[in-house]
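Data block for model.txt (compact mmCIF, C-alpha atoms):
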# COMPACT_ATOMS: atom_id res chain seq x y z
CA MET R 217 -66.94 21.28 -55.17
CA ARG R 218 -63.43 20.44 -53.99
CA LYS R 219 -59.87 20.21 -55.22
CA GLY R 220 -59.59 17.30 -57.64
CA ASP R 221 -63.19 17.46 -58.82
CA VAL R 222 -63.79 17.33 -62.54
CA ILE R 223 -66.58 19.75 -63.36
CA LEU R 224 -68.35 20.94 -66.46
CA LEU R 225 -67.79 24.68 -66.72
CA ASP R 226 -69.45 27.14 -69.09
CA LEU R 227 -66.63 29.28 -70.53
CA ASP R 228 -67.45 32.31 -72.63
CA ASN R 229 -65.76 32.74 -75.97
CA PRO R 230 -62.67 34.97 -75.82
CA PRO R 231 -63.30 38.66 -76.58
CA GLY R 232 -63.51 39.19 -80.32
CA GLY R 233 -63.73 35.44 -80.88
CA SER R 234 -59.98 35.09 -81.25
CA GLY R 235 -57.16 33.78 -79.14
CA ARG R 236 -56.09 30.41 -77.83
CA GLU R 237 -58.12 30.29 -74.62
CA GLN R 238 -60.45 27.37 -74.08
CA SER R 239 -64.12 28.21 -74.58
CA GLY R 240 -67.56 26.67 -74.56
CA ALA R 241 -68.91 24.18 -72.04
CA ARG R 242 -66.04 21.88 -71.15
CA PRO R 243 -64.63 19.75 -68.39
CA VAL R 244 -62.03 21.28 -66.11
CA ALA R 245 -60.11 19.99 -63.09
CA VAL R 246 -60.47 22.03 -59.90
CA ILE R 247 -57.06 22.78 -58.37
CA SER R 248 -57.86 25.43 -55.76
CA LEU R 249 -58.08 24.63 -52.07
CA GLY R 250 -61.16 25.91 -50.33
CA SER R 251 -63.29 25.66 -53.46
CA ASP R 252 -66.18 24.63 -51.21
CA ASP R 253 -65.86 27.84 -49.15
CA PRO R 254 -69.14 29.77 -49.63
CA HIS R 255 -67.31 33.07 -49.00
CA ASN R 256 -64.95 32.52 -51.95
CA PRO R 257 -66.78 33.16 -55.25
CA MET R 258 -63.91 31.89 -57.42
CA ILE R 259 -62.40 28.53 -58.37
CA THR R 260 -59.06 27.89 -60.01
CA VAL R 261 -59.08 25.21 -62.67
CA VAL R 262 -57.07 23.45 -65.37
CA PRO R 263 -59.02 23.10 -68.64
CA CYS R 264 -59.35 19.83 -70.54
CA THR R 265 -59.50 19.29 -74.28
CA GLY R 266 -60.34 16.29 -76.41
CA GLN R 267 -57.78 17.41 -78.98
CA ILE R 268 -55.14 14.85 -78.12
CA ASP R 269 -52.51 16.57 -80.28
CA LYS R 270 -52.40 19.30 -77.58
CA GLN R 271 -50.24 16.92 -75.51
CA ARG R 272 -47.33 18.15 -77.64
CA TYR R 273 -47.26 21.29 -75.48
CA PRO R 274 -45.26 21.36 -72.25
CA HIS R 275 -47.17 21.07 -68.97
CA THR R 276 -49.90 18.79 -70.30
CA MET R 277 -51.04 15.29 -69.45
CA VAL R 278 -53.39 12.75 -70.97
CA VAL R 279 -56.21 11.31 -68.86
CA GLN R 280 -58.23 8.29 -69.94
CA PRO R 281 -61.96 8.38 -69.23
CA SER R 282 -63.17 6.43 -66.21
CA SER R 283 -66.26 6.08 -64.07
CA GLN R 284 -64.42 8.00 -61.32
CA ASN R 285 -63.33 11.05 -63.33
CA GLY R 286 -66.52 11.24 -65.41
CA LEU R 287 -64.71 12.09 -68.65
CA THR R 288 -66.31 10.57 -71.73
CA ALA R 289 -63.23 10.64 -73.98
CA GLU R 290 -59.45 10.64 -73.73
CA SER R 291 -58.57 14.19 -72.65
CA VAL R 292 -55.55 16.43 -72.27
CA LEU R 293 -55.26 18.51 -69.09
CA MET R 294 -53.50 21.77 -69.98
CA ALA R 295 -51.76 23.05 -66.85
CA PHE R 296 -50.29 25.94 -68.83
CA GLN R 297 -53.83 27.35 -69.13
CA VAL R 298 -54.58 27.43 -65.40
CA VAL R 299 -57.24 30.08 -64.77
CA SER R 300 -59.79 31.25 -62.18
CA TYR R 301 -63.52 31.60 -62.84
CA ASP R 302 -66.63 32.52 -60.93
CA LYS R 303 -68.22 29.44 -59.35
CA ARG R 304 -71.53 30.38 -60.98
CA ARG R 305 -70.11 29.12 -64.30
CA MET R 306 -70.25 25.54 -63.01
CA VAL R 307 -72.82 23.42 -64.83
CA LYS R 308 -72.27 20.26 -62.76
CA ILE R 309 -69.69 18.04 -61.08
CA ILE R 310 -68.98 15.07 -63.36
CA GLY R 311 -66.33 13.21 -61.36
CA LYS R 312 -63.06 13.32 -59.46
CA LEU R 313 -59.51 12.88 -60.73
CA GLU R 314 -57.83 9.69 -59.62
CA GLN R 315 -55.13 10.25 -56.98
CA GLU R 316 -52.26 9.43 -59.37
CA HIS R 317 -53.58 11.94 -61.91
CA MET R 318 -53.95 14.63 -59.26
CA GLU R 319 -50.38 14.06 -58.08
CA LYS R 320 -49.07 14.28 -61.65
CA LEU R 321 -51.09 17.46 -62.27
CA GLU R 322 -49.72 19.04 -59.09
CA GLN R 323 -46.18 18.21 -60.26
CA LEU R 324 -46.88 19.78 -63.67
CA LEU R 325 -48.08 22.95 -61.94
CA LYS R 326 -44.98 23.06 -59.72
CA ASN R 327 -42.76 22.67 -62.76
CA LEU R 328 -44.71 25.32 -64.65
CA MET R 329 -44.33 27.83 -61.82
CA GLN R 330 -40.84 26.63 -60.90
CA ILE R 331 -41.74 26.23 -57.23
Translate this structure into structure tokens?
Amino acid sequence: MRKGDVILLDLDNPPGGSGREQSGARPVAVISLGSDDPHNPMITVVPCTGQIDKQRYPHTMVVQPSSQNGLTAESVLMAFQVVSYDKRRMVKIIGKLEQEHMEKLEQLLKNLMQI
């Protein structure tokens, strides 16, 4: 898997079943470089949600489904929930973000981190 891939990731429920973290099997966008390095067991990702009202939060973007990205419904990428997971949580690669979406996501991350 590589930066820009959209993968299905199996995320455990948050401890105690509470909190605002994303959980369950869901699509995520890979944002880490070197994700295909066999010596690096982790990937850094931005979770997606089908709850379109989440676009009201800062550092989010809406992505329409396409044959390239593999999403099956309009989705919100939530850059403010960037997180790293063990690669063994990957269920499968479902697609790749279009270049314009990847560029917009990178800009959201820069703005979020003020870099």
Just want the 10 Å neighbourhood of Met318 in chain R, counted on all atoms listed in the file, with same-chain residues fewer than 5 positions away dropped. Output as a PDB file with C-alpha atoms, in the coordinates of the input.
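Final output, saved to result04.pdb:
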ATOM      1  CA  LYS R 219     -59.870  20.210 -55.220  1.00  0.00           C
ATOM      2  CA  GLY R 220     -59.590  17.300 -57.640  1.00  0.00           C
ATOM      3  CA  ASP R 221     -63.190  17.460 -58.820  1.00  0.00           C
ATOM      4  CA  ALA R 245     -60.110  19.990 -63.090  1.00  0.00           C
ATOM      5  CA  VAL R 246     -60.470  22.030 -59.900  1.00  0.00           C
ATOM      6  CA  ILE R 247     -57.060  22.780 -58.370  1.00  0.00           C
ATOM      7  CA  LYS R 312     -63.060  13.320 -59.460  1.00  0.00           C
ATOM      8  CA  LEU R 313     -59.510  12.880 -60.730  1.00  0.00           C
ATOM      9  CA  GLN R 323     -46.180  18.210 -60.260  1.00  0.00           C
ATOM     10  CA  LEU R 324     -46.880  19.780 -63.670  1.00  0.00           C
TER      11      LEU R 324
END
Within 7 Å of Tyr301 in chain R using all atoms listed in the file, minus same-chain residues under 4 positions, as a PyMOL selection string
chain R and resi 258-260
Give me the residues within 12 Å of range 288-292 of chain R as a compact mmCIF listing (two decimals) with C-alpha atoms, keeping the file's coordinate frame, counting all atoms listed in the file and dropping any in the same chain fewer than 2 places off.
# COMPACT_ATOMS: atom_id res chain seq x y z
CA VAL R 222 -63.79 17.33 -62.54
CA LEU R 224 -68.35 20.94 -66.46
CA ARG R 242 -66.04 21.88 -71.15
CA PRO R 243 -64.63 19.75 -68.39
CA VAL R 244 -62.03 21.28 -66.11
CA ALA R 245 -60.11 19.99 -63.09
CA VAL R 262 -57.07 23.45 -65.37
CA PRO R 263 -59.02 23.10 -68.64
CA CYS R 264 -59.35 19.83 -70.54
CA THR R 265 -59.50 19.29 -74.28
CA GLY R 266 -60.34 16.29 -76.41
CA GLN R 267 -57.78 17.41 -78.98
CA ILE R 268 -55.14 14.85 -78.12
CA ASP R 269 -52.51 16.57 -80.28
CA LYS R 270 -52.40 19.30 -77.58
CA GLN R 271 -50.24 16.92 -75.51
CA ARG R 272 -47.33 18.15 -77.64
CA TYR R 273 -47.26 21.29 -75.48
CA PRO R 274 -45.26 21.36 -72.25
CA HIS R 275 -47.17 21.07 -68.97
CA THR R 276 -49.90 18.79 -70.30
CA MET R 277 -51.04 15.29 -69.45
CA VAL R 278 -53.39 12.75 -70.97
CA VAL R 279 -56.21 11.31 -68.86
CA GLN R 280 -58.23 8.29 -69.94
CA PRO R 281 -61.96 8.38 -69.23
CA SER R 282 -63.17 6.43 -66.21
CA SER R 283 -66.26 6.08 -64.07
CA GLN R 284 -64.42 8.00 -61.32
CA ASN R 285 -63.33 11.05 -63.33
CA GLY R 286 -66.52 11.24 -65.41
CA MET R 294 -53.50 21.77 -69.98
CA ALA R 295 -51.76 23.05 -66.85
CA PHE R 296 -50.29 25.94 -68.83
CA GLN R 297 -53.83 27.35 -69.13
CA ILE R 310 -68.98 15.07 -63.36
CA GLY R 311 -66.33 13.21 -61.36
CA HIS R 317 -53.58 11.94 -61.91
CA LEU R 321 -51.09 17.46 -62.27
Mind pulling up the distance from CA of His255 in chain R to CA of Leu328 in chain R?
28.6 Å
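Of the listed residues (R:Leu249, R:Leu325, R:Leu287, R:Gly240), R:Leu287 comes nearest to Ile309 in chain R; the distances count all atoms listed in the file.
Reported to one decimal place, the separation of CA of Lys326 in chain R from CA of Ile223 in chain R is 22.2 Å.
CA of Arg304 in chain R is positioned 11.4 Å from CA of Asn256 in chain R.
Residue nearest Arg305 in chain R, chosen from R:Ser248, R:Glu319, R:Val261, R:Leu225 and counting all atoms listed in the file: R:Leu225.
Distance annotation: of R:Pro257, R:Asp252, R:Asp226, R:Arg218, the residue with the minimal separation from Asp302 in chain R is R:Pro257; atom set is only C-alpha atoms.
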